[in-house]
$ cat work-v1.cif   # mmCIF, N, CA and C atoms
data_start
#
loop_
_atom_site.group_PDB
_atom_site.id
_atom_site.type_symbol
_atom_site.label_atom_id
_atom_site.label_comp_id
_atom_site.auth_asym_id
_atom_site.auth_seq_id
_atom_site.Cartn_x
_atom_site.Cartn_y
_atom_site.Cartn_z
ATOM 1 N N MET A 137 0.855 -1.179 0.000
ATOM 2 C CA MET A 137 0.000 0.000 0.000
ATOM 3 C C MET A 137 0.891 1.229 0.000
ATOM 4 N N ASP A 138 0.538 2.178 -0.839
ATOM 5 C CA ASP A 138 1.236 3.452 -0.917
ATOM 6 C C ASP A 138 0.528 4.432 0.018
ATOM 7 N N MET A 139 1.181 4.770 1.131
ATOM 8 C CA MET A 139 0.564 5.652 2.124
ATOM 9 C C MET A 139 0.324 7.061 1.575
ATOM 10 N N GLY A 140 0.953 7.411 0.471
ATOM 11 C CA GLY A 140 0.727 8.707 -0.142
ATOM 12 C C GLY A 140 -0.446 8.721 -1.100
ATOM 13 N N ASN A 141 -1.061 7.567 -1.314
ATOM 14 C CA ASN A 141 -2.190 7.457 -2.230
ATOM 15 C C ASN A 141 -3.474 7.344 -1.416
ATOM 16 N N PRO A 142 -4.283 8.417 -1.369
ATOM 17 C CA PRO A 142 -5.491 8.401 -0.539
ATOM 18 C C PRO A 142 -6.447 7.256 -0.855
ATOM 19 N N LYS A 143 -6.561 6.878 -2.134
ATOM 20 C CA LYS A 143 -7.479 5.790 -2.478
ATOM 21 C C LYS A 143 -6.983 4.466 -1.894
ATOM 22 N N GLU A 144 -5.685 4.205 -1.989
ATOM 23 C CA GLU A 144 -5.152 2.964 -1.433
ATOM 24 C C GLU A 144 -5.301 2.939 0.093
ATOM 25 N N VAL A 145 -5.084 4.079 0.727
ATOM 26 C CA VAL A 145 -5.242 4.153 2.181
ATOM 27 C C VAL A 145 -6.699 3.885 2.549
ATOM 28 N N ARG A 146 -7.619 4.492 1.819
ATOM 29 C CA ARG A 146 -9.048 4.301 2.092
ATOM 30 C C ARG A 146 -9.456 2.853 1.879
ATOM 31 N N ASP A 147 -8.967 2.250 0.782
ATOM 32 C CA ASP A 147 -9.301 0.848 0.506
ATOM 33 C C ASP A 147 -8.798 -0.053 1.632
ATOM 34 N N GLU A 148 -7.592 0.190 2.102
ATOM 35 C CA GLU A 148 -7.042 -0.627 3.182
ATOM 36 C C GLU A 148 -7.824 -0.399 4.479
ATOM 37 N N PHE A 149 -8.208 0.839 4.741
ATOM 38 C CA PHE A 149 -9.013 1.165 5.919
ATOM 39 C C PHE A 149 -10.323 0.380 5.889
ATOM 40 N N GLU A 150 -10.970 0.364 4.731
ATOM 41 C CA GLU A 150 -12.235 -0.356 4.602
ATOM 42 C C GLU A 150 -12.027 -1.857 4.801
ATOM 43 N N ALA A 151 -10.969 -2.401 4.228
ATOM 44 C CA ALA A 151 -10.689 -3.825 4.389
ATOM 45 C C ALA A 151 -10.430 -4.154 5.863
ATOM 46 N N MET A 152 -9.718 -3.291 6.562
ATOM 47 C CA MET A 152 -9.457 -3.520 7.988
ATOM 48 C C MET A 152 -10.753 -3.466 8.795
ATOM 49 N N MET A 153 -11.654 -2.569 8.431
ATOM 50 C CA MET A 153 -12.938 -2.479 9.123
ATOM 51 C C MET A 153 -13.707 -3.792 9.008
ATOM 52 N N VAL A 154 -13.715 -4.378 7.804
ATOM 53 C CA VAL A 154 -14.429 -5.635 7.578
ATOM 54 C C VAL A 154 -13.732 -6.769 8.328
ATOM 55 N N ARG A 155 -12.396 -6.847 8.205
ATOM 56 C CA ARG A 155 -11.659 -7.921 8.885
ATOM 57 C C ARG A 155 -11.838 -7.864 10.397
ATOM 58 N N ALA A 156 -11.919 -6.659 10.952
ATOM 59 C CA ALA A 156 -12.064 -6.497 12.398
ATOM 60 C C ALA A 156 -13.507 -6.694 12.861
ATOM 61 N N GLY A 157 -14.426 -6.851 11.915
ATOM 62 C CA GLY A 157 -15.821 -7.038 12.274
ATOM 63 C C GLY A 157 -16.507 -5.740 12.678
ATOM 64 N N LEU A 158 -15.901 -4.605 12.327
ATOM 65 C CA LEU A 158 -16.486 -3.305 12.677
ATOM 66 C C LEU A 158 -17.482 -2.821 11.634
ATOM 67 N N ALA A 159 -17.483 -3.469 10.477
ATOM 68 C CA ALA A 159 -18.420 -3.101 9.416
ATOM 69 C C ALA A 159 -18.588 -4.293 8.491
ATOM 70 N N THR A 160 -19.745 -4.368 7.875
ATOM 71 C CA THR A 160 -19.965 -5.358 6.829
ATOM 72 C C THR A 160 -19.747 -4.649 5.498
ATOM 73 N N PRO A 161 -19.515 -5.384 4.430
ATOM 74 C CA PRO A 161 -19.346 -4.710 3.141
ATOM 75 C C PRO A 161 -20.502 -3.770 2.797
ATOM 76 N N GLY A 162 -21.704 -4.111 3.206
ATOM 77 C CA GLY A 162 -22.854 -3.245 2.941
ATOM 78 C C GLY A 162 -22.836 -1.947 3.719
ATOM 79 N N GLN A 163 -22.106 -1.919 4.808
ATOM 80 C CA GLN A 163 -22.013 -0.708 5.624
ATOM 81 C C GLN A 163 -20.876 0.213 5.192
ATOM 82 N N LEU A 164 -20.018 -0.247 4.303
ATOM 83 C CA LEU A 164 -18.833 0.522 3.947
ATOM 84 C C LEU A 164 -19.120 1.918 3.402
ATOM 85 N N PRO A 165 -20.171 2.117 2.607
ATOM 86 C CA PRO A 165 -20.413 3.494 2.154
ATOM 87 C C PRO A 165 -20.546 4.484 3.315
ATOM 88 N N VAL A 166 -21.069 4.031 4.427
ATOM 89 C CA VAL A 166 -21.222 4.895 5.598
ATOM 90 C C VAL A 166 -19.850 5.258 6.170
ATOM 91 N N HIS A 167 -18.909 4.334 6.049
ATOM 92 C CA HIS A 167 -17.584 4.529 6.624
ATOM 93 C C HIS A 167 -16.588 5.173 5.662
ATOM 94 N N LYS A 168 -16.977 5.390 4.418
ATOM 95 C CA LYS A 168 -16.045 5.961 3.441
ATOM 96 C C LYS A 168 -15.557 7.338 3.852
ATOM 97 N N LYS A 169 -16.415 8.134 4.430
ATOM 98 C CA LYS A 169 -15.990 9.472 4.836
ATOM 99 C C LYS A 169 -14.890 9.412 5.887
ATOM 100 N N ALA A 170 -14.965 8.445 6.778
ATOM 101 C CA ALA A 170 -13.918 8.304 7.798
ATOM 102 C C ALA A 170 -12.595 7.929 7.146
ATOM 103 N N GLY A 171 -12.639 7.040 6.178
ATOM 104 C CA GLY A 171 -11.428 6.662 5.463
ATOM 105 C C GLY A 171 -10.852 7.817 4.664
ATOM 106 N N LYS A 172 -11.728 8.568 4.021
ATOM 107 C CA LYS A 172 -11.298 9.739 3.255
ATOM 108 C C LYS A 172 -10.650 10.752 4.192
ATOM 109 N N PHE A 173 -11.262 10.963 5.336
ATOM 110 C CA PHE A 173 -10.709 11.900 6.314
ATOM 111 C C PHE A 173 -9.335 11.433 6.782
ATOM 112 N N ALA A 174 -9.204 10.156 7.131
ATOM 113 C CA ALA A 174 -7.936 9.632 7.652
ATOM 114 C C ALA A 174 -6.816 9.786 6.619
ATOM 115 N N ALA A 175 -7.106 9.457 5.378
ATOM 116 C CA ALA A 175 -6.089 9.549 4.335
ATOM 117 C C ALA A 175 -5.626 10.980 4.125
ATOM 118 N N HIS A 176 -6.574 11.900 4.059
ATOM 119 C CA HIS A 176 -6.214 13.291 3.785
ATOM 120 C C HIS A 176 -5.678 14.003 5.028
ATOM 121 N N ALA A 177 -6.101 13.594 6.206
ATOM 122 C CA ALA A 177 -5.543 14.180 7.434
ATOM 123 C C ALA A 177 -4.063 13.844 7.532
ATOM 124 N N ARG A 178 -3.704 12.634 7.132
ATOM 125 C CA ARG A 178 -2.293 12.248 7.135
ATOM 126 C C ARG A 178 -1.508 13.116 6.160
ATOM 127 N N MET A 179 -2.060 13.334 4.969
ATOM 128 C CA MET A 179 -1.384 14.184 3.988
ATOM 129 C C MET A 179 -1.230 15.610 4.515
ATOM 130 N N LEU A 180 -2.235 16.103 5.204
ATOM 131 C CA LEU A 180 -2.173 17.432 5.802
ATOM 132 C C LEU A 180 -1.086 17.482 6.871
ATOM 133 N N ARG A 181 -1.063 16.475 7.728
ATOM 134 C CA ARG A 181 -0.080 16.423 8.809
ATOM 135 C C ARG A 181 1.349 16.376 8.273
ATOM 136 N N LEU A 182 1.540 15.690 7.143
ATOM 137 C CA LEU A 182 2.872 15.574 6.550
ATOM 138 C C LEU A 182 3.243 16.770 5.678
ATOM 139 N N GLY A 183 2.329 17.722 5.551
ATOM 140 C CA GLY A 183 2.596 18.912 4.755
ATOM 141 C C GLY A 183 2.454 18.699 3.261
ATOM 142 N N MET A 184 1.816 17.616 2.872
ATOM 143 C CA MET A 184 1.634 17.315 1.455
ATOM 144 C C MET A 184 0.506 18.142 0.842
ATOM 145 N N ILE A 185 -0.420 18.589 1.664
ATOM 146 C CA ILE A 185 -1.501 19.460 1.223
ATOM 147 C C ILE A 185 -1.663 20.573 2.252
ATOM 148 N N THR A 186 -2.271 21.668 1.827
ATOM 149 C CA THR A 186 -2.501 22.804 2.729
ATOM 150 C C THR A 186 -3.835 22.630 3.453
ATOM 151 N N PRO A 187 -4.035 23.370 4.529
ATOM 152 C CA PRO A 187 -5.340 23.315 5.197
ATOM 153 C C PRO A 187 -6.494 23.666 4.256
ATOM 154 N N GLN A 188 -6.259 24.603 3.343
ATOM 155 C CA GLN A 188 -7.308 24.980 2.397
ATOM 156 C C GLN A 188 -7.617 23.824 1.444
ATOM 157 N N GLU A 189 -6.572 23.127 0.980
ATOM 158 C CA GLU A 189 -6.794 21.975 0.105
ATOM 159 C C GLU A 189 -7.543 20.876 0.856
ATOM 160 N N PHE A 190 -7.188 20.661 2.109
ATOM 161 C CA PHE A 190 -7.867 19.661 2.929
ATOM 162 C C PHE A 190 -9.356 19.990 3.036
ATOM 163 N N ASP A 191 -9.672 21.243 3.330
ATOM 164 C CA ASP A 191 -11.077 21.656 3.446
ATOM 165 C C ASP A 191 -11.819 21.433 2.134
ATOM 166 N N GLN A 192 -11.183 21.782 1.026
ATOM 167 C CA GLN A 192 -11.823 21.614 -0.286
ATOM 168 C C GLN A 192 -12.065 20.129 -0.561
ATOM 169 N N ILE A 193 -11.082 19.296 -0.309
ATOM 170 C CA ILE A 193 -11.221 17.859 -0.545
ATOM 171 C C ILE A 193 -12.362 17.289 0.278
ATOM 172 N N MET A 194 -12.436 17.681 1.524
ATOM 173 C CA MET A 194 -13.458 17.130 2.409
ATOM 174 C C MET A 194 -14.865 17.598 2.031
ATOM 175 N N ARG A 195 -14.962 18.717 1.334
ATOM 176 C CA ARG A 195 -16.280 19.198 0.880
ATOM 177 C C ARG A 195 -16.740 18.474 -0.385
ATOM 178 N N GLU A 196 -15.788 17.927 -1.140
ATOM 179 C CA GLU A 196 -16.125 17.252 -2.394
ATOM 180 C C GLU A 196 -16.837 15.938 -2.125
ATOM 181 N N ASP A 197 -17.745 15.580 -3.018
ATOM 182 C CA ASP A 197 -18.415 14.292 -2.934
ATOM 183 C C ASP A 197 -17.509 13.214 -3.489
ATOM 184 N N ASP A 198 -17.678 11.974 -3.013
ATOM 185 C CA ASP A 198 -16.878 10.854 -3.546
ATOM 186 C C ASP A 198 -17.213 10.570 -4.972
#
$ encode --input "work-v1.cif" --output "structure tokens"
Amino acid sequence: MDMGNPKEVRDEFEAMMVRAGLATPGQLPVHKKAGKFAAHARMLRLGMITPQEFDQIMREDD
């Protein structure tokens, strides 16, 4: 998994949720926002994106 790739991070997050029994595949759409947030928060923390870019990304629909 490429930690710099938000989609790969989100996909792995979703897979971990299912493996841990925290979500079923049918519930994953509900959890996508959490995965999207986690991936982009990491990029923000590492300085890969600005706070303004983070806000814009989080406002966008999947």
$ residues_around --input "work-v1.cif" --residues "range 157-169 of chain A" --least-positions-apart "2" --cutoff "12 Å" --atoms "only C-alpha atoms" --output "VMD selection string"
chain A and resid 142 to 143 145 to 155 171 to 177 193 to 198
$ atom_distance --input "work-v1.cif" --atom1 "atom N of Asp191 in chain A" --atom2 "atom N of Asp138 in chain A"
22.0 Å
$ select_by_dssp --input "work-v1.cif" --residues "chain A" --states "alpha helix (DSSP H)" --output "MDAnalysis selection string"
chainID A and resid 142:155 164:181 187:195
$ atom_distance --input "work-v1.cif" --atom1 "CA of Ala156 in chain A" --atom2 "CA of Glu144 in chain A"
18.1 Å
$ atom_distance --input "work-v1.cif" --atom1 "atom C of Arg178 in chain A" --atom2 "CA of Met139 in chain A"
8.7 Å
$ axis_aligned_box --input "work-v1.cif" --around "range 138-154 of chain A" --padding-each-side "4 Å" --output "AutoDock Vina command-line options"
--center_x -6.6 --center_y 1.0 --center_z 3.3 --size_x 23.7 --size_y 23.5 --size_z 19.6
$ decode --input "work-v1.cif" --residues "range 184-196 of chain A" --atoms "all heavy atoms" --output "mmCIF file, in the first residue's frame"
data_model
loop_
_atom_site.group_PDB
_atom_site.id
_atom_site.type_symbol
_atom_site.label_atom_id
_atom_site.label_comp_id
_atom_site.auth_asym_id
_atom_site.auth_seq_id
_atom_site.Cartn_x
_atom_site.Cartn_y
_atom_site.Cartn_z
ATOM 1 N N MET A 184 1.816 17.616 2.872
ATOM 2 C CA MET A 184 1.634 17.315 1.455
ATOM 3 C C MET A 184 0.506 18.142 0.842
ATOM 4 O O MET A 184 0.472 18.324 -0.386
ATOM 5 C CB MET A 184 1.357 15.824 1.266
ATOM 6 C CG MET A 184 2.518 14.938 1.707
ATOM 7 S SD MET A 184 2.098 13.182 1.801
ATOM 8 C CE MET A 184 1.877 12.783 0.077
ATOM 9 N N ILE A 185 -0.420 18.589 1.664
ATOM 10 C CA ILE A 185 -1.501 19.460 1.223
ATOM 11 C C ILE A 185 -1.663 20.573 2.252
ATOM 12 O O ILE A 185 -1.253 20.427 3.402
ATOM 13 C CB ILE A 185 -2.840 18.706 1.019
ATOM 14 C CG1 ILE A 185 -3.311 18.053 2.324
ATOM 15 C CG2 ILE A 185 -2.728 17.690 -0.102
ATOM 16 C CD1 ILE A 185 -4.690 17.400 2.227
ATOM 17 N N THR A 186 -2.271 21.668 1.827
ATOM 18 C CA THR A 186 -2.501 22.804 2.729
ATOM 19 C C THR A 186 -3.835 22.630 3.453
ATOM 20 O O THR A 186 -4.688 21.843 3.016
ATOM 21 C CB THR A 186 -2.546 24.124 1.942
ATOM 22 O OG1 THR A 186 -3.703 24.099 1.092
ATOM 23 C CG2 THR A 186 -1.289 24.331 1.114
ATOM 24 N N PRO A 187 -4.035 23.370 4.529
ATOM 25 C CA PRO A 187 -5.340 23.315 5.197
ATOM 26 C C PRO A 187 -6.494 23.666 4.256
ATOM 27 O O PRO A 187 -7.567 23.074 4.328
ATOM 28 C CB PRO A 187 -5.219 24.334 6.325
ATOM 29 C CG PRO A 187 -3.754 24.346 6.641
ATOM 30 C CD PRO A 187 -3.071 24.176 5.295
ATOM 31 N N GLN A 188 -6.259 24.603 3.343
ATOM 32 C CA GLN A 188 -7.308 24.980 2.397
ATOM 33 C C GLN A 188 -7.617 23.824 1.444
ATOM 34 O O GLN A 188 -8.785 23.572 1.127
ATOM 35 C CB GLN A 188 -6.893 26.228 1.595
ATOM 36 C CG GLN A 188 -6.783 27.479 2.440
ATOM 37 C CD GLN A 188 -5.475 27.550 3.237
ATOM 38 O OE1 GLN A 188 -4.499 26.855 2.963
ATOM 39 N NE2 GLN A 188 -5.462 28.401 4.249
ATOM 40 N N GLU A 189 -6.572 23.127 0.980
ATOM 41 C CA GLU A 189 -6.794 21.975 0.105
ATOM 42 C C GLU A 189 -7.543 20.876 0.856
ATOM 43 O O GLU A 189 -8.435 20.235 0.299
ATOM 44 C CB GLU A 189 -5.464 21.431 -0.410
ATOM 45 C CG GLU A 189 -4.788 22.344 -1.409
ATOM 46 C CD GLU A 189 -3.386 21.897 -1.741
ATOM 47 O OE1 GLU A 189 -2.621 21.545 -0.820
ATOM 48 O OE2 GLU A 189 -3.063 21.897 -2.943
ATOM 49 N N PHE A 190 -7.188 20.661 2.109
ATOM 50 C CA PHE A 190 -7.867 19.661 2.929
ATOM 51 C C PHE A 190 -9.356 19.990 3.036
ATOM 52 O O PHE A 190 -10.207 19.125 2.823
ATOM 53 C CB PHE A 190 -7.240 19.596 4.324
ATOM 54 C CG PHE A 190 -7.927 18.632 5.247
ATOM 55 C CD1 PHE A 190 -7.650 17.280 5.190
ATOM 56 C CD2 PHE A 190 -8.856 19.079 6.170
ATOM 57 C CE1 PHE A 190 -8.294 16.383 6.043
ATOM 58 C CE2 PHE A 190 -9.503 18.201 7.026
ATOM 59 C CZ PHE A 190 -9.223 16.852 6.964
ATOM 60 N N ASP A 191 -9.672 21.243 3.330
ATOM 61 C CA ASP A 191 -11.077 21.656 3.446
ATOM 62 C C ASP A 191 -11.819 21.433 2.134
ATOM 63 O O ASP A 191 -12.955 20.954 2.136
ATOM 64 C CB ASP A 191 -11.174 23.120 3.863
ATOM 65 C CG ASP A 191 -10.764 23.364 5.297
ATOM 66 O OD1 ASP A 191 -10.746 22.390 6.096
ATOM 67 O OD2 ASP A 191 -10.457 24.520 5.640
ATOM 68 N N GLN A 192 -11.183 21.782 1.026
ATOM 69 C CA GLN A 192 -11.823 21.614 -0.286
ATOM 70 C C GLN A 192 -12.065 20.129 -0.561
ATOM 71 O O GLN A 192 -13.153 19.747 -1.002
ATOM 72 C CB GLN A 192 -10.961 22.216 -1.382
ATOM 73 C CG GLN A 192 -11.567 22.057 -2.754
ATOM 74 C CD GLN A 192 -10.686 22.637 -3.854
ATOM 75 O OE1 GLN A 192 -9.694 23.298 -3.562
ATOM 76 N NE2 GLN A 192 -11.035 22.384 -5.083
ATOM 77 N N ILE A 193 -11.082 19.296 -0.309
ATOM 78 C CA ILE A 193 -11.221 17.859 -0.545
ATOM 79 C C ILE A 193 -12.362 17.289 0.278
ATOM 80 O O ILE A 193 -13.158 16.485 -0.193
ATOM 81 C CB ILE A 193 -9.898 17.133 -0.225
ATOM 82 C CG1 ILE A 193 -8.827 17.482 -1.277
ATOM 83 C CG2 ILE A 193 -10.109 15.622 -0.158
ATOM 84 C CD1 ILE A 193 -7.422 17.104 -0.863
ATOM 85 N N MET A 194 -12.436 17.681 1.524
ATOM 86 C CA MET A 194 -13.458 17.130 2.409
ATOM 87 C C MET A 194 -14.865 17.598 2.031
ATOM 88 O O MET A 194 -15.835 16.936 2.360
ATOM 89 C CB MET A 194 -13.144 17.464 3.867
ATOM 90 C CG MET A 194 -11.887 16.764 4.392
ATOM 91 S SD MET A 194 -11.797 14.977 4.098
ATOM 92 C CE MET A 194 -13.220 14.421 5.000
ATOM 93 N N ARG A 195 -14.962 18.717 1.334
ATOM 94 C CA ARG A 195 -16.280 19.198 0.880
ATOM 95 C C ARG A 195 -16.740 18.474 -0.385
ATOM 96 O O ARG A 195 -17.926 18.425 -0.678
ATOM 97 C CB ARG A 195 -16.243 20.695 0.617
ATOM 98 C CG ARG A 195 -16.347 21.535 1.871
ATOM 99 C CD ARG A 195 -16.611 22.993 1.522
ATOM 100 N NE ARG A 195 -15.550 23.582 0.729
ATOM 101 C CZ ARG A 195 -14.498 24.231 1.223
ATOM 102 N NH1 ARG A 195 -14.358 24.367 2.523
ATOM 103 N NH2 ARG A 195 -13.571 24.738 0.428
ATOM 104 N N GLU A 196 -15.788 17.927 -1.140
ATOM 105 C CA GLU A 196 -16.125 17.252 -2.394
ATOM 106 C C GLU A 196 -16.837 15.938 -2.125
ATOM 107 O O GLU A 196 -16.563 15.260 -1.157
ATOM 108 C CB GLU A 196 -14.857 16.970 -3.200
ATOM 109 C CG GLU A 196 -14.164 18.225 -3.689
ATOM 110 C CD GLU A 196 -12.807 17.937 -4.319
ATOM 111 O OE1 GLU A 196 -12.377 16.765 -4.317
ATOM 112 O OE2 GLU A 196 -12.191 18.892 -4.780
#
